[in-house]
4 protein chains.
Amino acid sequence: MTKPVCTIIGVGPGNGMALARKFDEAGYALALCARSGDRMRELAAGYQSAQGYAYDATSDDDATRVFGEIADAQGPVDTVIFNAGGGAWGTIDDLTPEDLSVNLDINAVGLMRAAKTVLPQFRQQGKGNIIVISAGAAHRGRPGTLAFAAGKAAQMSLAQSLARQLGAENIHVATIVIDGVIDIPATRQRMSDKPDDFFLKPSAIADAALTLVQQDKSAWTFELDVRPFGESW
Amino acid sequence: MTKPVCTIIGVGPGNGMALARKFDEAGYALALCARSGDRMRELAAGYQSAQGYAYDATSDDDATRVFGEIADAQGPVDTVIFNAGGGAWGTIDDLTPEDLSVNLDINAVGLMRAAKTVLPQFRQQGKGNIIVISAGAAHRGRPGTLAFAAGKAAQMSLAQSLARQLGAENIHVATIVIDGVIDIPATRQRMSDKPDDFFLKPSAIADAALTLVQQDKSAWTFELDVRPFGESW
Amino acid sequence: MTKPVCTIIGVGPGNGMALARKFDEAGYALALCARSGDRMRELAAGYQSAQGYAYDATSDDDATRVFGEIADAQGPVDTVIFNAGGGAWGTIDDLTPEDLSVNLDINAVGLMRAAKTVLPQFRQQGKGNIIVISAGAAHRGRPGTLAFAAGKAAQMSLAQSLARQLGAENIHVATIVIDGVIDIPATRQRMSDKPDDFFLKPSAIADAALTLVQQDKSAWTFELDVRPFGESW
Amino acid sequence: MTKPVCTIIGVGPGNGMALARKFDEAGYALALCARSGDRMRELAAGYQSAQGYAYDATSDDDATRVFGEIADAQGPVDTVIFNAGGGAWGTIDDLTPEDLSVNLDINAVGLMRAAKTVLPQFRQQGKGNIIVISAGAAHRGRPGTLAFAAGKAAQMSLAQSLARQLGAENIHVATIVIDGVIDIPATRQRMSDKPDDFFLKPSAIADAALTLVQQDKSAWTFELDVRPFGESW
């Protein structure tokens with residue numbers, strides 16, 4: 001039997017890798033996407049059913065090309081997990097309008113590129129999932145996260161518009177709002193004084209994503225927040 | 001091995017019954033609570049590990065008495081699911097201040113009674129879960145749901161205060177925001193023209209509750225919404 | 001010409017006194033209400049057009065009696081400012097369910113008592129205003145403000161239900177969300193190390209209330225937040 | 001005495017014209033900005049103290065150039081009202097990623113361009129106001145307003161980040177959330193069956209903007225919603 005395909009856009013050392021492991025274990029074929037195609041192909045080699053693709057979330061062409069390649073090589077996509085991120089941090093004094101543009105382009109326009117490109121496949125098969133990895137900043141602007149927060153706010157709004165339209169077509173759009181610091185080597189090094197409990201485990205975030213994809217359609221979630229149990233919020 | 005105890009407060013024909021089935025299947029002993037103790041004992045008889053209790057969510061005495069009886073008969077409680085509801089519907093023209101009081105008492109003060117009473121047990125065992133069955137009305141007041149919405153808003157606020165305090169003590173407080181109409185005989189009869197897809201299945205809501213209880217503590221959810229896939233929102 | 005009557009429920013040393021001054025200056029007759037009728041009558045004596053009334057926001061009878069007395073003595077009410085407050089502070093460890101009940105009763109049921117009682121007058125004259133003095137806690141529960149926040153959340157929900165119903169009847173229901181510490185002798189003494197700029201001036205809050213009452217009905221505000229310019233939020 | 005300068009970015013037939021009239025009456029000199037400099041100069045000729053400028057909110061160069069010209073010709077700016085808008089409407093089926101980009105660029109990056117450019121002037125004079133004309137869509141994404149809503153959500157987030165940083169520097173950033181249809185010839189024609197009461201009067205929106213600029217700094221508002229009294233919401 002053909003495995004359903006899970007496309008992960010933005011596969012870094014944290015959530016992306018954990019999502020790959022989780023969806024592989026759950027029986028999905030993986031389409032692993034990031035700017036470096038070499039890194040993705042290398043990673044894909046470690047799984048039985050996976051392919052790697054060079055995909056820049058800010059490129060219209062990449063969306064068209066990669067979703068075409070996935071369809072050819074692996075079949076129609078069942079689930080897209082949009083985990084692309086990046087962009088500049090700082091206050092209005094540190095950042096340029098261009099920095100804000102880049103954040104909006106990756107987070108919001110990037111999601112629209114992926115959603116619009118995969119939509120015909122979803123409609124043809126009468127189902128599909130889009131899981132957006134969001135952040136607490138989607139709901140609050142703060143001086144030092146000015147550009148990131150605006151990008152996540154625009155992305156959340158877009159996800160909501162899509163969820164409201166596409167639900168009735170059996171296409172589930174949902175968001176995971178991460179509130180806290182993810183446990184990856186870079187954050188561990190930067191915050192070496194913090195205890196284990198301070199960090200969100202990527203595998204637990206991947207659990208949340210899998211749960212969303214597996215929900216009975218009579219009770220779909222649009223938004224689910226996750227934070228470490230000891231987090232002060 | 002002793003089964004962990006799941007106390008369900010407010011066991012009606014919809015969510016309550018479904019929660020009982022789901023948590024029984026997941027290996028919990030059930031403490032089934034509703035105003036009619038007879039109905040609860042009858043229901044409990046259908047499970048291998050269950051007891052029924054007469055519990056009025058508006059009574060301080062009942063909270064103290066029933067959590068004591070559960071501890072004696074079934075051991076310390078692991079999970080409380082607060083599903084008590086009821087109270088009057090209508091606009092300011094239809095309702096009295098007393099009607100609003102009753103809604104606030106069941107939904108908000110009732111949750112506080114249960115939480116405060118079970119808290120010493122949770123602290124002694126160093127863990128625990130409180131799952132609150134909430135509704136979309138928690139986030140918006142509307143003319144015809146004036147009292148229900150105020151009750152759910154107060155309950156949500158209380159749940160958030162508790163979650164923020166108790167998380168660091170390894171006690172998980174979470175809410176399930178139901179947005180739509182639950183599939184029970186009464187709603188089916190009242191909306192007999194609606195298709196199956198219009199209704200939320202209680203078993204799917206129970207899935208969400210079990211998911212919350214099973215989350216890794218590095219990524220706890222406070223609030224999760226559920227609605228039928230075709231719901232216009 | 002008869003002055004329009006502004007009824008202020010909950011006249012303490014901060015907002016209440018400032019609201020009285022502001023609405024007197026703006027040409028309103030004042031109906032000053034608080035639990036101590038003597039204090040209100042004394043205060044009323046300092047204004048040309050004012051009366052004082054003993055009014056307990058938790059009493060159905062007081063609402064009926066006082067709005068009747070105001071109608072007899074001063075004519076129909078144009079504006080109600082609901083500034084009643086009080087109730088206990090603390091966490092779930094400090095407070096009883098009864099403490100929560102009292103907060104809900106003053107803030108939410110108290111507002112409903114006043115609104116339901118004044119509504120026939122408003123409808124008869126085809127207009128009216130209800131201004132609710134709310135707080136940032138209406139939108140977030142926190143451990144140490146558990147009961148206050150739940151009371152304000154319920155009150156905000158109720159105000160929204162009322163605004164949505166009554167707007168079309170030319171009755172303006174609006175809320176002022178105070179985010180910060182009000183400048184009164186008690187807070188000054190308790191936080192004697194804080195600079196002037198830390199505090200919200202009651203007269204500025206009263207300005208906001210007057211603005212709401214004077215809005216053109218083609219652009220009514222439901223919710224307006226106020227905080228000191230230097231407040232970190 | 002020199003009049004304070006109010007710069008209005010985005011002067012169309014509705015809010016922009018009304019804001020100009022209101023701030024002129026209130027004693028401000030006007031710097032009127034829109035893509036068509038000719039139209040702005042023509043409009044400016046009708047006021048005693050006004051200048052018109054060609055300003056494209058999507059251009060970094062225009063922000064630098066125009067704020068420089070204003071400073072030279074009219075002196076330092078006291079208030080910026082960001083009313084730029086436009087961009088495409090429709091669902092994901094109607095719009096391209098580029099359409100979304102344009103909406104984000106006008107609404108969010110455009111605000112950042114203006115804010116970052118005027119900030120040194122504000123800091124030099126130790127005060128300033130930025131009033132953002134927002135919309136209900138800032139808080140909810142819907143299928144047919146996908147791009148507009150994302151633009152307003154990003155703009156609101158940015159405004160909040162700025163307000164939180166700049167408040168302590170005596171720079172007031174505030175938003176007016178318009179919920180409803182503005183009364184201009186184009187909307188009147190498109191909705192010719194609607195009664196007068198259905199529409200928001202631009203002059204009433206301008207009142208709200210002036211109120212925000214005149215607030216005592218001990219009680220600044222960040223967000224204020226406005227809607228017609230009969231609006232169903």
# chains A, B, ... in the order shown; residues from 1 in each chain; ligands from 1
$ closest_atom_pairs --of "chain B" --to "chain C" --cutoff "6 Å" --atoms "only C-alpha atoms" --output "tab-separated table"
residue	atom	partner	partner_atom	distance
B:Pro97	CA	C:Val109	CA	5.8
B:Val109	CA	C:Pro97	CA	5.8
B:Arg113	CA	C:Pro97	CA	5.9
B:Gly141	CA	C:Ser161	CA	4.3
B:Arg142	CA	C:Ser161	CA	4.1
B:Pro143	CA	C:Ser161	CA	4.6
B:Leu146	CA	C:Ser161	CA	5.5
B:Ala150	CA	C:Ala154	CA	4.4
B:Ala153	CA	C:Ala154	CA	5.4
B:Ala154	CA	C:Ala150	CA	4.4
B:Ser157	CA	C:Gly141	CA	4.7
B:Leu158	CA	C:Ala150	CA	5.7
B:Gln160	CA	C:Gly141	CA	5.1
B:Ser161	CA	C:Arg142	CA	4.1
B:Gln165	CA	C:Pro143	CA	5.3
$ residues_around --residues "Gly46 of chain B" --least-positions-apart "4" --cutoff "12 Å" --atoms "only C-alpha atoms" --output "list in words"
Met17, Ala20, Arg21, Asp24, Leu30, Leu32, Arg39, Met40, Arg41, Glu42, Ala50, Gln51 and Gly52 of chain B
$ residues_around --residues "Ile171 of chain B" --least-positions-apart "5" --cutoff "7 Å" --atoms "only C-alpha atoms" --output "ChimeraX atom specification"
/B:127-129,166
$ write_last_selection --atoms "N, CA, C and O atoms" --output "PDB file, in the first residue's frame"
ATOM      1  N   LYS B 127       1.527  15.574  41.225  1.00  0.00           N
ATOM      2  CA  LYS B 127       1.001  15.637  39.858  1.00  0.00           C
ATOM      3  C   LYS B 127      -0.521  15.621  39.853  1.00  0.00           C
ATOM      4  O   LYS B 127      -1.141  15.318  40.880  1.00  0.00           O
ATOM      5  N   GLY B 128      -1.097  15.912  38.705  1.00  0.00           N
ATOM      6  CA  GLY B 128      -2.545  15.904  38.570  1.00  0.00           C
ATOM      7  C   GLY B 128      -2.981  16.636  37.320  1.00  0.00           C
ATOM      8  O   GLY B 128      -2.195  17.376  36.712  1.00  0.00           O
ATOM      9  N   ASN B 129      -4.219  16.408  36.902  1.00  0.00           N
ATOM     10  CA  ASN B 129      -4.775  17.059  35.716  1.00  0.00           C
ATOM     11  C   ASN B 129      -6.170  17.604  36.018  1.00  0.00           C
ATOM     12  O   ASN B 129      -6.976  16.908  36.644  1.00  0.00           O
ATOM     13  N   LEU B 166      -0.331  26.491  38.897  1.00  0.00           N
ATOM     14  CA  LEU B 166      -0.137  25.082  39.245  1.00  0.00           C
ATOM     15  C   LEU B 166       0.766  24.337  38.273  1.00  0.00           C
ATOM     16  O   LEU B 166       1.263  23.255  38.596  1.00  0.00           O
TER      17      LEU B 166
END
$ select_by_dssp --residues "chain B" --states "helix (DSSP H, G or I)" --output "ChimeraX atom specification"
/B:15-25,37-44,60-74,97-125,136-139,146-169,185-190,196-198,202-214
$ residues_around --residues "Lys22 of chain C" --least-positions-apart "6" --cutoff "9 Å" --atoms "only C-alpha atoms" --output "VMD selection string"
chain C and resid 28 203 206 to 207 210
$ residues_around --residues "Ala84 of chain D" --least-positions-apart "6" --cutoff "7 Å" --atoms "only C-alpha atoms" --output "CSV table (one decimal) with N, CA, C and O atoms, in the first residue's frame"
chain,number,residue,atom,x,y,z
D,9,ILE,N,-1.1,60.1,6.2
D,9,ILE,CA,-0.6,59.3,5.1
D,9,ILE,C,-1.8,58.4,4.6
D,9,ILE,O,-2.3,57.6,5.3
D,10,GLY,N,-2.1,58.7,3.4
D,10,GLY,CA,-3.3,58.0,2.8
D,10,GLY,C,-4.5,58.9,2.9
D,10,GLY,O,-5.3,58.6,3.8
D,57,ALA,N,3.3,54.7,0.2
D,57,ALA,CA,3.6,54.0,1.5
D,57,ALA,C,4.5,52.8,1.3
D,57,ALA,O,5.1,52.3,2.2
D,106,ILE,N,1.9,47.5,2.2
D,106,ILE,CA,1.2,48.8,2.4
D,106,ILE,C,0.9,49.0,3.9
D,106,ILE,O,1.3,50.0,4.5
D,107,ASN,N,0.3,48.0,4.5
D,107,ASN,CA,-0.2,48.1,5.8
D,107,ASN,C,0.8,48.0,6.9
D,107,ASN,O,0.8,48.8,7.8
$ residues_around --residues "Ile133 of chain B" --least-positions-apart "3" --cutoff "8 Å" --atoms "only C-alpha atoms" --output "PyMOL selection string"
chain B and resi 81-83+175-178
$ residues_around --residues "segment 217-227 of chain A" --least-positions-apart "3" --cutoff "7 Å" --atoms "only C-alpha atoms" --output "MDAnalysis selection string"
(chainID A and resid 173:180 200 212 231) or (chainID B and resid 197 199:201 204:205 218:229)
$ select_by_dssp --residues "segment 20-168 of chain C" --states "strand (DSSP E or B)" --output "list in words"
Ala29, Leu30, Ala31, Leu32, Cys33, Ala34, Ala50, Gln51, Gly52, Tyr53, Ala54, Val77, Asp78, Thr79, Val80, Ile81, Phe82, Gly90, Gly128, Asn129, Ile130, Ile131, Val132, Ile133, Ser134, Ala135 and Thr145 of chain C
$ write_last_selection --atoms "N, CA, C and O atoms" --output "short mmCIF file (atom, residue, chain, number, x, y, z; two decimals), in the first residue's frame"
data_model
loop_
_atom_site.label_atom_id
_atom_site.label_comp_id
_atom_site.auth_asym_id
_atom_site.auth_seq_id
_atom_site.Cartn_x
_atom_site.Cartn_y
_atom_site.Cartn_z
N ALA C 29 -26.78 66.14 35.98
CA ALA C 29 -27.16 65.97 37.38
C ALA C 29 -26.61 64.63 37.83
O ALA C 29 -26.62 63.67 37.06
N LEU C 30 -26.15 64.56 39.07
CA LEU C 30 -25.48 63.34 39.54
C LEU C 30 -26.36 62.55 40.50
O LEU C 30 -26.96 63.12 41.40
N ALA C 31 -26.41 61.25 40.30
CA ALA C 31 -27.00 60.34 41.28
C ALA C 31 -25.85 59.48 41.79
O ALA C 31 -25.37 58.60 41.07
N LEU C 32 -25.41 59.79 43.00
CA LEU C 32 -24.19 59.17 43.53
C LEU C 32 -24.55 57.98 44.42
O LEU C 32 -25.28 58.15 45.41
N CYS C 33 -24.06 56.81 44.09
CA CYS C 33 -24.47 55.59 44.77
C CYS C 33 -23.27 54.84 45.35
O CYS C 33 -22.28 54.60 44.65
N ALA C 34 -23.41 54.46 46.60
CA ALA C 34 -22.41 53.59 47.22
C ALA C 34 -23.07 52.95 48.43
O ALA C 34 -24.20 53.31 48.79
N ALA C 50 -27.10 67.25 42.57
CA ALA C 50 -26.68 65.89 42.90
C ALA C 50 -27.47 65.36 44.08
O ALA C 50 -27.93 66.13 44.93
N GLN C 51 -27.66 64.06 44.08
CA GLN C 51 -28.29 63.38 45.21
C GLN C 51 -27.44 62.16 45.55
O GLN C 51 -26.82 61.58 44.66
N GLY C 52 -27.46 61.78 46.81
CA GLY C 52 -26.73 60.59 47.23
C GLY C 52 -27.69 59.47 47.61
O GLY C 52 -28.78 59.72 48.10
N TYR C 53 -27.28 58.23 47.34
CA TYR C 53 -28.14 57.08 47.61
C TYR C 53 -27.33 55.94 48.20
O TYR C 53 -26.19 55.71 47.79
N ALA C 54 -27.95 55.23 49.15
CA ALA C 54 -27.34 53.99 49.65
C ALA C 54 -27.65 52.87 48.67
O ALA C 54 -28.82 52.59 48.39
N VAL C 77 -32.90 58.51 33.96
CA VAL C 77 -31.45 58.42 33.89
C VAL C 77 -30.98 58.40 32.43
O VAL C 77 -31.56 57.71 31.60
N ASP C 78 -29.93 59.15 32.15
CA ASP C 78 -29.33 59.16 30.80
C ASP C 78 -28.14 58.21 30.72
O ASP C 78 -27.93 57.54 29.72
N THR C 79 -27.37 58.18 31.79
CA THR C 79 -26.11 57.45 31.80
C THR C 79 -25.92 56.73 33.12
O THR C 79 -26.14 57.32 34.18
N VAL C 80 -25.54 55.45 33.04
CA VAL C 80 -25.13 54.71 34.24
C VAL C 80 -23.65 54.40 34.10
O VAL C 80 -23.22 53.85 33.07
N ILE C 81 -22.87 54.76 35.10
CA ILE C 81 -21.46 54.35 35.12
C ILE C 81 -21.31 53.31 36.22
O ILE C 81 -21.56 53.60 37.39
N PHE C 82 -20.95 52.11 35.81
CA PHE C 82 -20.85 51.03 36.78
C PHE C 82 -19.41 50.88 37.23
O PHE C 82 -18.56 50.36 36.52
N GLY C 90 -6.07 37.29 46.02
CA GLY C 90 -5.21 36.19 46.44
C GLY C 90 -5.30 35.03 45.48
O GLY C 90 -6.01 35.09 44.46
N GLY C 128 -29.70 55.87 25.89
CA GLY C 128 -29.08 55.66 27.19
C GLY C 128 -27.65 55.19 27.04
O GLY C 128 -27.24 54.75 25.96
N ASN C 129 -26.89 55.31 28.13
CA ASN C 129 -25.49 54.87 28.13
C ASN C 129 -25.20 54.04 29.36
O ASN C 129 -25.63 54.39 30.46
N ILE C 130 -24.47 52.96 29.18
CA ILE C 130 -23.94 52.20 30.32
C ILE C 130 -22.43 52.10 30.11
O ILE C 130 -21.97 51.49 29.15
N ILE C 131 -21.69 52.72 31.02
CA ILE C 131 -20.22 52.68 30.93
C ILE C 131 -19.72 51.81 32.08
O ILE C 131 -20.01 52.07 33.24
N VAL C 132 -18.97 50.80 31.72
CA VAL C 132 -18.47 49.85 32.71
C VAL C 132 -16.98 50.10 32.95
O VAL C 132 -16.20 50.10 31.99
N ILE C 133 -16.61 50.29 34.19
CA ILE C 133 -15.19 50.47 34.52
C ILE C 133 -14.59 49.08 34.73
O ILE C 133 -14.83 48.42 35.73
N SER C 134 -13.82 48.66 33.74
CA SER C 134 -13.25 47.32 33.74
C SER C 134 -11.74 47.39 34.03
O SER C 134 -11.24 48.43 34.47
N ALA C 135 -11.07 46.29 33.81
CA ALA C 135 -9.63 46.24 34.11
C ALA C 135 -8.96 45.24 33.19
O ALA C 135 -9.61 44.35 32.63
N THR C 145 -4.67 37.15 41.17
CA THR C 145 -5.89 37.93 40.94
C THR C 145 -7.02 37.01 40.49
O THR C 145 -7.93 37.43 39.78
#
$ atom_distance --atom1 "atom CA of Ala18 of chain D" --atom2 "atom CA of Asp216 of chain D"
23.4 Å
$ atom_distance --atom1 "atom CA of Gln121 of chain B" --atom2 "atom CA of Phe23 of chain B"
19.9 Å
